[in-house]
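Structure data follow from model-v6.txt (compact mmCIF, C-alpha atoms):
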```txt
# COMPACT_ATOMS: atom_id res chain seq x y z
CA MET A 1 -21.03 18.55 6.36
CA SER A 2 -19.66 16.13 3.81
CA SER A 3 -21.36 15.04 0.63
CA ILE A 4 -19.49 11.81 -0.01
CA PRO A 5 -20.89 8.72 1.69
CA ALA A 6 -18.50 6.57 3.69
CA SER A 7 -19.26 3.54 1.55
CA ALA A 8 -17.69 5.27 -1.48
CA PHE A 9 -14.33 5.41 0.29
CA LEU A 10 -14.72 1.85 1.50
CA ALA A 11 -15.56 0.67 -2.04
CA LEU A 12 -12.46 2.42 -3.43
CA ALA A 13 -10.35 0.74 -0.75
CA LEU A 14 -11.92 -2.61 -1.63
CA ILE A 15 -11.14 -2.19 -5.34
CA LEU A 16 -7.52 -1.27 -4.61
CA PHE A 17 -7.18 -4.20 -2.19
CA CYS A 18 -8.49 -6.61 -4.81
CA ILE A 19 -6.10 -5.26 -7.45
CA GLY A 20 -3.24 -5.69 -5.00
CA LEU A 21 -4.37 -9.21 -4.09
CA TYR A 22 -4.63 -10.28 -7.72
CA GLY A 23 -1.22 -8.77 -8.48
CA ALA A 24 0.43 -10.40 -5.48
CA LEU A 25 -0.92 -13.82 -6.41
CA SER A 26 -0.48 -13.75 -10.18
CA LYS A 27 2.73 -11.82 -10.93
CA ARG A 28 6.01 -13.69 -11.18
CA ASN A 29 8.53 -10.89 -10.59
CA THR A 30 9.24 -10.64 -6.88
CA VAL A 31 9.55 -6.84 -6.87
CA ILE A 32 6.07 -6.54 -8.35
CA VAL A 33 4.72 -8.92 -5.72
CA LEU A 34 6.27 -6.75 -2.98
CA ILE A 35 4.77 -3.58 -4.41
CA SER A 36 1.36 -5.23 -4.74
CA ILE A 37 1.53 -5.93 -1.02
CA GLU A 38 2.26 -2.24 -0.50
CA LEU A 39 -0.88 -1.45 -2.50
CA MET A 40 -2.94 -3.71 -0.23
CA LEU A 41 -1.52 -1.96 2.85
CA ASN A 42 -2.47 1.38 1.30
CA ALA A 43 -6.05 0.22 0.84
CA VAL A 44 -6.21 -0.73 4.51
CA ASN A 45 -4.89 2.72 5.42
CA ILE A 46 -7.73 4.33 3.46
CA ASN A 47 -10.17 2.32 5.58
CA LEU A 48 -8.49 3.45 8.80
CA VAL A 49 -8.57 7.12 7.86
CA THR A 50 -12.17 6.83 6.64
CA PHE A 51 -13.35 5.43 9.94
CA SER A 52 -11.38 8.04 11.83
CA LYS A 53 -13.68 10.63 10.20
CA TYR A 54 -16.95 8.74 9.70
CA GLY A 55 -16.94 6.46 12.72
CA ILE A 56 -19.31 6.60 15.65
CA LYS A 57 -16.85 8.72 17.60
CA PRO A 58 -14.57 10.63 15.21
CA SER A 59 -11.11 10.95 16.66
CA ILE A 60 -7.52 11.37 15.60
CA THR A 61 -6.53 7.82 16.66
CA GLY A 62 -7.37 6.34 13.26
CA GLN A 63 -4.93 8.67 11.55
CA ILE A 64 -2.24 7.82 14.08
CA PHE A 65 -2.79 4.12 13.45
CA ALA A 66 -2.46 4.79 9.71
CA LEU A 67 0.85 6.54 10.35
CA PHE A 68 2.13 3.54 12.32
CA ALA A 69 1.00 1.25 9.49
CA ILE A 70 2.91 3.38 6.96
CA THR A 71 6.04 3.13 9.12
CA VAL A 72 5.82 -0.63 9.46
CA ALA A 73 5.18 -0.95 5.72
CA ALA A 74 8.31 1.04 4.95
CA ALA A 75 10.40 -1.20 7.23
CA GLU A 76 8.84 -4.27 5.61
CA ALA A 77 9.70 -3.02 2.12
CA ALA A 78 13.33 -2.43 3.10
CA VAL A 79 13.74 -5.88 4.66
CA GLY A 80 11.94 -7.58 1.78
CA LEU A 81 14.18 -5.92 -0.75
CA ALA A 82 17.31 -6.88 1.23
CA ILE A 83 16.15 -10.52 1.24
CA LEU A 84 15.47 -10.25 -2.51
CA ILE A 85 18.98 -8.96 -3.21
CA ALA A 86 20.60 -11.65 -1.08
CA LEU A 87 18.53 -14.25 -2.93
CA TYR A 88 19.42 -12.80 -6.32
CA ARG A 89 23.11 -13.01 -5.45
CA ASN A 90 22.80 -16.71 -4.71
CA ARG A 91 20.26 -17.88 -7.27
CA LYS A 92 20.54 -15.29 -10.08
CA THR A 93 16.78 -15.07 -10.45
CA VAL A 94 13.89 -12.88 -9.33
CA ASN A 95 11.27 -15.25 -10.65
CA ILE A 96 9.03 -16.31 -7.82
CA ASP A 97 8.40 -19.77 -9.28
CA GLU A 98 12.06 -20.70 -8.94
CA MET A 99 12.30 -19.76 -5.27
CA ASP A 100 11.31 -23.19 -4.02
CA THR A 101 14.36 -24.33 -2.06
CA MET A 102 12.38 -24.88 1.12
CA LYS A 103 9.76 -26.93 -0.71
CA HIS A 104 11.86 -30.06 -1.23
CA MET B 105 -27.35 13.68 -6.62
CA THR B 106 -25.82 17.11 -6.73
CA PHE B 107 -22.31 17.21 -8.01
CA SER B 108 -20.41 19.22 -5.48
CA GLY B 109 -16.76 20.04 -5.97
CA GLU B 110 -15.80 17.52 -3.29
CA PHE B 111 -17.62 14.76 -5.12
CA ILE B 112 -15.97 15.58 -8.45
CA ALA B 113 -12.56 15.63 -6.79
CA PHE B 114 -13.27 12.26 -5.19
CA MET B 115 -14.34 10.74 -8.51
CA LEU B 116 -11.25 12.01 -10.33
CA LEU B 117 -8.88 10.80 -7.61
CA ALA B 118 -10.57 7.42 -7.38
CA LEU B 119 -10.45 7.04 -11.15
CA ALA B 120 -6.73 7.87 -11.22
CA ALA B 121 -6.05 5.40 -8.39
CA VAL B 122 -7.93 2.55 -10.07
CA ILE B 123 -6.35 3.28 -13.47
CA GLY B 124 -2.89 3.14 -11.86
CA GLY B 125 -3.73 -0.21 -10.31
CA VAL B 126 -5.09 -1.65 -13.55
CA LEU B 127 -1.99 -0.46 -15.42
CA LEU B 128 0.10 -2.24 -12.77
CA LEU B 129 -1.66 -5.47 -13.67
CA ASN B 130 -1.51 -5.04 -17.44
CA LEU B 131 1.83 -3.47 -18.34
CA THR B 132 4.73 -5.76 -19.18
CA ASN B 133 7.81 -3.67 -18.43
CA VAL B 134 8.50 -3.70 -14.69
CA VAL B 135 9.76 -0.10 -14.59
CA HIS B 136 6.54 1.08 -16.25
CA MET B 137 4.55 -0.85 -13.64
CA ILE B 138 6.22 1.05 -10.81
CA ILE B 139 5.71 4.39 -12.55
CA ALA B 140 2.02 3.52 -12.95
CA LEU B 141 1.79 2.81 -9.25
CA VAL B 142 3.10 6.29 -8.43
CA PHE B 143 -0.19 7.65 -9.85
CA THR B 144 -2.08 5.44 -7.43
CA PHE B 145 -0.04 6.57 -4.45
CA VAL B 146 -0.43 10.27 -5.26
CA SER B 147 -4.18 9.83 -5.77
CA ILE B 148 -4.46 8.09 -2.42
CA ALA B 149 -2.76 11.12 -0.87
CA GLY B 150 -5.49 13.28 -2.42
CA ILE B 151 -8.12 10.97 -0.93
CA TYR B 152 -6.53 11.52 2.49
CA VAL B 153 -6.86 15.28 2.01
CA LEU B 154 -10.57 14.78 1.29
CA LEU B 155 -10.82 12.80 4.52
CA SER B 156 -9.30 15.75 6.42
CA ALA B 157 -6.04 13.96 7.15
CA GLU B 158 -3.49 16.39 5.78
CA PHE B 159 -0.52 15.09 7.74
CA VAL B 160 -1.14 11.51 6.62
CA ALA B 161 -1.35 12.79 3.04
CA GLY B 162 2.06 14.43 3.41
CA ALA B 163 3.52 11.27 4.90
CA GLN B 164 2.01 9.26 2.05
CA ILE B 165 3.64 11.49 -0.59
CA LEU B 166 6.99 11.43 1.19
CA ILE B 167 7.15 7.74 2.05
CA TYR B 168 5.21 5.94 -0.67
CA SER B 169 5.64 7.97 -3.83
CA GLY B 170 9.09 9.05 -2.72
CA ALA B 171 10.94 6.45 -0.73
CA ILE B 172 9.25 3.14 -1.47
CA THR B 173 9.03 3.77 -5.22
CA ILE B 174 12.70 4.66 -5.37
CA ILE B 175 13.72 1.66 -3.29
CA MET B 176 11.69 -0.64 -5.55
CA LEU B 177 13.33 0.93 -8.61
CA PHE B 178 16.70 0.22 -6.98
CA GLY B 179 15.61 -3.37 -6.47
CA ILE B 180 14.71 -3.69 -10.13
CA MET B 181 17.90 -2.04 -11.36
CA LEU B 182 20.09 -4.24 -9.15
CA THR B 183 18.45 -7.39 -10.53
CA ASN B 184 17.07 -8.13 -14.00
CA HIS B 185 15.94 -4.71 -15.10
CA ASN B 186 15.28 -5.50 -18.75
CA ASP B 187 13.13 -8.41 -17.72
CA THR B 188 9.68 -8.03 -19.20
CA SER B 189 7.70 -10.38 -17.03
CA GLU B 190 6.85 -12.78 -19.83
CA GLY B 191 5.24 -16.15 -19.39
CA LYS B 192 1.94 -15.64 -17.66
CA PRO B 193 0.60 -18.44 -15.49
CA SER B 194 -1.72 -20.89 -17.13
CA LEU B 195 -5.24 -19.92 -18.10
CA TRP B 196 -6.89 -22.18 -15.55
CA ARG B 197 -4.82 -20.80 -12.73
CA ARG B 198 -5.60 -17.22 -13.70
CA LEU B 199 -9.30 -18.00 -14.02
CA PHE B 200 -9.37 -19.68 -10.64
CA LEU B 201 -7.52 -16.75 -9.08
CA LEU B 202 -9.87 -14.24 -10.68
CA LEU B 203 -12.86 -16.15 -9.36
CA GLY B 204 -11.40 -16.21 -5.88
CA VAL B 205 -10.62 -12.49 -5.84
CA LEU B 206 -14.06 -11.63 -7.24
CA GLY B 207 -15.71 -13.81 -4.62
CA PHE B 208 -13.78 -12.01 -1.91
CA ALA B 209 -14.73 -8.63 -3.38
CA PHE B 210 -18.40 -9.63 -3.54
CA ALA B 211 -18.39 -10.88 0.04
CA VAL B 212 -16.93 -7.63 1.35
CA TYR B 213 -19.13 -5.51 -0.90
CA ILE B 214 -22.27 -7.05 0.58
CA GLY B 215 -21.08 -5.78 3.93
CA ILE B 216 -20.40 -2.21 2.87
CA TYR B 217 -22.77 -1.26 0.08
CA ASN B 218 -25.60 0.01 2.23
CA LEU B 219 -23.50 1.04 5.19
CA ASP B 220 -24.94 4.39 6.15
CA LEU B 221 -22.69 6.20 8.54
CA ALA B 222 -23.87 9.73 9.01
CA PRO B 223 -20.82 11.97 9.21
CA GLN B 224 -20.46 13.29 12.72
CA THR B 225 -19.34 16.74 13.57
CA ASN B 226 -15.63 16.50 13.91
CA HIS B 227 -12.69 18.81 14.37
CA LEU B 228 -10.11 16.75 12.55
CA HIS B 229 -9.39 19.38 9.95
CA GLU B 230 -8.46 22.18 12.34
CA ASN B 231 -4.79 22.09 13.29
CA ASN B 232 -4.48 18.52 12.11
CA THR B 233 -0.74 18.23 12.65
CA MET B 234 -0.94 19.72 16.12
CA GLN B 235 -3.63 17.23 17.12
CA ILE B 236 -1.53 14.35 15.82
CA GLY B 237 1.52 15.59 17.67
CA LYS B 238 -0.34 15.99 20.93
CA ALA B 239 -1.93 12.53 20.72
CA LEU B 240 1.34 10.94 19.65
CA TYR B 241 3.32 12.35 22.54
CA SER B 242 0.71 11.87 25.24
CA LYS B 243 -1.52 8.87 24.59
CA HIS B 244 0.59 6.87 22.17
CA ILE B 245 4.09 7.52 23.46
CA ILE B 246 5.06 3.86 24.02
CA PRO B 247 4.09 2.65 20.50
CA PHE B 248 5.89 5.69 19.13
CA GLU B 249 9.13 4.77 20.87
CA LEU B 250 8.72 1.11 19.91
CA THR B 251 8.42 2.24 16.29
CA SER B 252 11.83 3.86 16.50
CA VAL B 253 13.26 0.57 17.79
CA LEU B 254 11.56 -1.24 14.90
CA LEU B 255 13.06 1.15 12.36
CA LEU B 256 16.53 0.70 13.85
CA VAL B 257 16.19 -3.09 13.75
CA ALA B 258 14.97 -2.97 10.13
CA LEU B 259 17.88 -0.71 9.15
CA VAL B 260 20.54 -2.92 10.74
CA GLY B 261 18.86 -6.12 9.59
CA SER B 262 18.56 -5.10 5.96
CA ILE B 263 22.17 -3.94 5.84
CA ILE B 264 23.34 -7.27 7.26
CA LEU B 265 21.12 -9.24 4.89
CA ALA B 266 22.21 -7.40 1.77
CA LYS B 267 25.91 -7.19 2.71
CA LYS B 268 28.32 -9.23 0.64
CA ASP B 269 29.40 -12.41 2.35
CA GLU B 270 33.19 -12.24 2.59
CA LYS B 271 33.78 -15.76 3.79
CA GLY B 272 31.86 -17.20 0.91
CA GLY B 273 28.75 -18.25 2.77
CA GLU B 274 28.53 -21.21 5.09
```
So, in terms of structure tokens, how does the structure I just supplied come out?
Amino acid sequence: MSSIPASAFLALALILFCIGLYGALSKRNTVIVLISIELMLNAVNINLVTFSKYGIKPSITGQIFALFAITVAAAEAAVGLAILIALYRNRKTVNIDEMDTMKH
Amino acid sequence: MTFSGEFIAFMLLALAAVIGGVLLLNLTNVVHMIIALVFTFVSIAGIYVLLSAEFVAGAQILIYSGAITIIMLFGIMLTNHNDTSEGKPSLWRRLFLLLGVLGFAFAVYIGIYNLDLAPQTNHLHENNTMQIGKALYSKHIIPFELTSVLLLVALVGSIILAKKDEKGGE
């Protein structure tokens, strides 16, 4: 019925997750870190939708879970950006290395 | 391996997604980084279509390449928008990080590379949106309503967080 093996989709999701992980840990601009986290969430959504088609019992529940994950990711992006703007107003920086008030 | 149309479409979409991600890591201007990521999001929507999830693909286009990209661009424009993210972390730190990420990738790849799931007969592609609607309003009605509460809380919370403090912050 389908010519693409499931492991191809899983490998693509793994590559995207690793790119997102590397970006989230190595970039210094906070907006880029936030959007790398979005990329990681997207990779997880690919896995969910893949198993909703290729799993032992294919059902629509995987797609519904992916929709819930998209919703929560959108809420997370909005709250993260609001925190970023409040922080920028106080500290005048978006550099993640200088956000260390709670460290000392 | 025979190159069916589905396979070629998958390869092109996967290539576009990975190229978008690599450009995100390598570009220096932050606005260009976000534009590069739009390619990744649109390609992921195409991948969803290949996986017979048309409604999720539509939601992906609307929410990710529409809303989240625009909100991130707003975040950049309201802060340092001409900030090219100069000053990379030190070489040792990057090397260590690369090793860690590659180790993680290798560990997961061992688990999936010979995973052979035979595709079952499924009916996901017929009336996809109707199936989602039926399942959402019958089996998953409580999480659905809780999601609306979550969105309301996120809306109010982000407005309060980003609002200007009139009393000068205490």
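With all atoms listed in the file as the atoms that count, the minimum distance from Asn29 in chain A to the choices B:Val142, B:Val160, B:Ile180, B:Leu154 is reached by B:Ile180.
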Within 7 Å of chain B, which residues of chain A show up when using all atoms listed in the file, listed as a PyMOL selection string? chain A and resi 2-4+6-7+12+14+16+18-19+22-23+28-29+31+49-50+53-54+58+60+63-64+67+74-75+78-79+81-83+85-86+88
File of the preceding selection, C-alpha atoms, as a PDB file, keeping the file's coordinate frame:
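Listing of result-v9.pdb after writing:
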```
ATOM      1  CA  SER A   2     -19.660  16.130   3.810  1.00  0.00           C
ATOM      2  CA  SER A   3     -21.360  15.040   0.630  1.00  0.00           C
ATOM      3  CA  ILE A   4     -19.490  11.810  -0.010  1.00  0.00           C
ATOM      4  CA  ALA A   6     -18.500   6.570   3.690  1.00  0.00           C
ATOM      5  CA  SER A   7     -19.260   3.540   1.550  1.00  0.00           C
ATOM      6  CA  LEU A  12     -12.460   2.420  -3.430  1.00  0.00           C
ATOM      7  CA  LEU A  14     -11.920  -2.610  -1.630  1.00  0.00           C
ATOM      8  CA  LEU A  16      -7.520  -1.270  -4.610  1.00  0.00           C
ATOM      9  CA  CYS A  18      -8.490  -6.610  -4.810  1.00  0.00           C
ATOM     10  CA  ILE A  19      -6.100  -5.260  -7.450  1.00  0.00           C
ATOM     11  CA  TYR A  22      -4.630 -10.280  -7.720  1.00  0.00           C
ATOM     12  CA  GLY A  23      -1.220  -8.770  -8.480  1.00  0.00           C
ATOM     13  CA  ARG A  28       6.010 -13.690 -11.180  1.00  0.00           C
ATOM     14  CA  ASN A  29       8.530 -10.890 -10.590  1.00  0.00           C
ATOM     15  CA  VAL A  31       9.550  -6.840  -6.870  1.00  0.00           C
ATOM     16  CA  VAL A  49      -8.570   7.120   7.860  1.00  0.00           C
ATOM     17  CA  THR A  50     -12.170   6.830   6.640  1.00  0.00           C
ATOM     18  CA  LYS A  53     -13.680  10.630  10.200  1.00  0.00           C
ATOM     19  CA  TYR A  54     -16.950   8.740   9.700  1.00  0.00           C
ATOM     20  CA  PRO A  58     -14.570  10.630  15.210  1.00  0.00           C
ATOM     21  CA  ILE A  60      -7.520  11.370  15.600  1.00  0.00           C
ATOM     22  CA  GLN A  63      -4.930   8.670  11.550  1.00  0.00           C
ATOM     23  CA  ILE A  64      -2.240   7.820  14.080  1.00  0.00           C
ATOM     24  CA  LEU A  67       0.850   6.540  10.350  1.00  0.00           C
ATOM     25  CA  ALA A  74       8.310   1.040   4.950  1.00  0.00           C
ATOM     26  CA  ALA A  75      10.400  -1.200   7.230  1.00  0.00           C
ATOM     27  CA  ALA A  78      13.330  -2.430   3.100  1.00  0.00           C
ATOM     28  CA  VAL A  79      13.740  -5.880   4.660  1.00  0.00           C
ATOM     29  CA  LEU A  81      14.180  -5.920  -0.750  1.00  0.00           C
ATOM     30  CA  ALA A  82      17.310  -6.880   1.230  1.00  0.00           C
ATOM     31  CA  ILE A  83      16.150 -10.520   1.240  1.00  0.00           C
ATOM     32  CA  ILE A  85      18.980  -8.960  -3.210  1.00  0.00           C
ATOM     33  CA  ALA A  86      20.600 -11.650  -1.080  1.00  0.00           C
ATOM     34  CA  TYR A  88      19.420 -12.800  -6.320  1.00  0.00           C
TER      35      TYR A  88
END
```
At a cut-off of 8 Å, using all atoms listed in the file, what residues contact Leu39 in chain A? Leave out same-chain residues fewer than 4 positions from it and give the result as a VMD selection string. chain A and resid 16 to 17 20 35 43
Just give me the gap between CA of Ile37 in chain A and CA of Val94 in chain A in Å, one decimal is fine.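 Separating CA of Ile37 in chain A from CA of Val94 in chain A is a distance of 16.4 Å.
Between Leu87 in chain A and the residues A:Thr30, A:Leu48, A:Ile15, A:Asn42, the shortest atom-to-atom distance, using all atoms listed in the file, involves A:Thr30.
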Length of the CA of Val44 in chain A to CA of Ile174 in chain B vector [Å]: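 One can read the CA of Val44 in chain A to CA of Ile174 in chain B distance as 22.0 Å.
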Rounded to one decimal place, report the CA of Ile96 in chain A-CA of Lys27 in chain A distance in Å. 8.3 Å
Identify which of the residues A:Ile56, A:Ile32, A:Leu84, A:Leu41 lies closest to Ile70 in chain A, counting all atoms listed in the file when measuring atom-to-atom distances. A:Leu41
Could you rebuild range 70-99 of chain A with N, CA and C atoms and give me the result as a tab-separated table (two decimals), in the frame of the given file?
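That gives us out-v3.tsv:
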```
chain	number	residue	atom	x	y	z
A	70	ILE	N	1.99	2.94	8.01
A	70	ILE	CA	2.91	3.38	6.96
A	70	ILE	C	4.36	3.10	7.37
A	71	THR	N	4.68	3.36	8.65
A	71	THR	CA	6.04	3.13	9.12
A	71	THR	C	6.42	1.67	9.02
A	72	VAL	N	5.52	0.80	9.49
A	72	VAL	CA	5.82	-0.63	9.46
A	72	VAL	C	5.93	-1.12	8.02
A	73	ALA	N	5.11	-0.55	7.12
A	73	ALA	CA	5.18	-0.95	5.72
A	73	ALA	C	6.51	-0.55	5.10
A	74	ALA	N	7.02	0.62	5.48
A	74	ALA	CA	8.31	1.04	4.95
A	74	ALA	C	9.42	0.11	5.42
A	75	ALA	N	9.39	-0.27	6.71
A	75	ALA	CA	10.40	-1.20	7.23
A	75	ALA	C	10.29	-2.54	6.52
A	76	GLU	N	9.05	-2.98	6.28
A	76	GLU	CA	8.84	-4.27	5.61
A	76	GLU	C	9.38	-4.24	4.19
A	77	ALA	N	9.19	-3.11	3.49
A	77	ALA	CA	9.70	-3.02	2.12
A	77	ALA	C	11.22	-3.10	2.10
A	78	ALA	N	11.87	-2.42	3.07
A	78	ALA	CA	13.33	-2.43	3.10
A	78	ALA	C	13.85	-3.84	3.36
A	79	VAL	N	13.26	-4.53	4.34
A	79	VAL	CA	13.74	-5.88	4.66
A	79	VAL	C	13.46	-6.84	3.51
A	80	GLY	N	12.26	-6.70	2.90
A	80	GLY	CA	11.94	-7.58	1.78
A	80	GLY	C	12.89	-7.41	0.62
A	81	LEU	N	13.26	-6.16	0.35
A	81	LEU	CA	14.18	-5.92	-0.75
A	81	LEU	C	15.58	-6.43	-0.43
A	82	ALA	N	16.00	-6.35	0.85
A	82	ALA	CA	17.31	-6.88	1.23
A	82	ALA	C	17.33	-8.39	1.04
A	83	ILE	N	16.23	-9.07	1.44
A	83	ILE	CA	16.15	-10.52	1.24
A	83	ILE	C	16.20	-10.84	-0.25
A	84	LEU	N	15.49	-10.02	-1.06
A	84	LEU	CA	15.47	-10.25	-2.51
A	84	LEU	C	16.86	-10.15	-3.10
A	85	ILE	N	17.64	-9.14	-2.63
A	85	ILE	CA	18.98	-8.96	-3.21
A	85	ILE	C	19.91	-10.08	-2.79
A	86	ALA	N	19.78	-10.52	-1.52
A	86	ALA	CA	20.60	-11.65	-1.08
A	86	ALA	C	20.26	-12.91	-1.87
A	87	LEU	N	18.98	-13.09	-2.16
A	87	LEU	CA	18.53	-14.25	-2.93
A	87	LEU	C	19.02	-14.18	-4.36
A	88	TYR	N	18.99	-12.97	-4.93
A	88	TYR	CA	19.42	-12.80	-6.32
A	88	TYR	C	20.91	-13.09	-6.44
A	89	ARG	N	21.67	-12.76	-5.38
A	89	ARG	CA	23.11	-13.01	-5.45
A	89	ARG	C	23.39	-14.51	-5.46
A	90	ASN	N	22.56	-15.28	-4.76
A	90	ASN	CA	22.80	-16.71	-4.71
A	90	ASN	C	22.20	-17.47	-5.88
A	91	ARG	N	20.99	-17.08	-6.30
A	91	ARG	CA	20.26	-17.88	-7.27
A	91	ARG	C	20.21	-17.27	-8.65
A	92	LYS	N	20.57	-15.99	-8.80
A	92	LYS	CA	20.54	-15.29	-10.08
A	92	LYS	C	19.16	-15.29	-10.71
A	93	THR	N	18.12	-15.14	-9.90
A	93	THR	CA	16.78	-15.07	-10.45
A	93	THR	C	15.91	-14.21	-9.54
A	94	VAL	N	14.91	-13.54	-10.14
A	94	VAL	CA	13.89	-12.88	-9.33
A	94	VAL	C	12.53	-13.50	-9.59
A	95	ASN	N	12.53	-14.61	-10.32
A	95	ASN	CA	11.27	-15.25	-10.65
A	95	ASN	C	10.76	-16.02	-9.45
A	96	ILE	N	9.51	-15.77	-9.09
A	96	ILE	CA	9.03	-16.31	-7.82
A	96	ILE	C	8.77	-17.81	-7.91
A	97	ASP	N	8.64	-18.33	-9.15
A	97	ASP	CA	8.40	-19.77	-9.28
A	97	ASP	C	9.65	-20.60	-9.01
A	98	GLU	N	10.82	-19.95	-9.14
A	98	GLU	CA	12.06	-20.70	-8.94
A	98	GLU	C	12.56	-20.61	-7.51
A	99	MET	N	11.88	-19.87	-6.67
A	99	MET	CA	12.30	-19.76	-5.27
A	99	MET	C	11.60	-20.84	-4.46
```
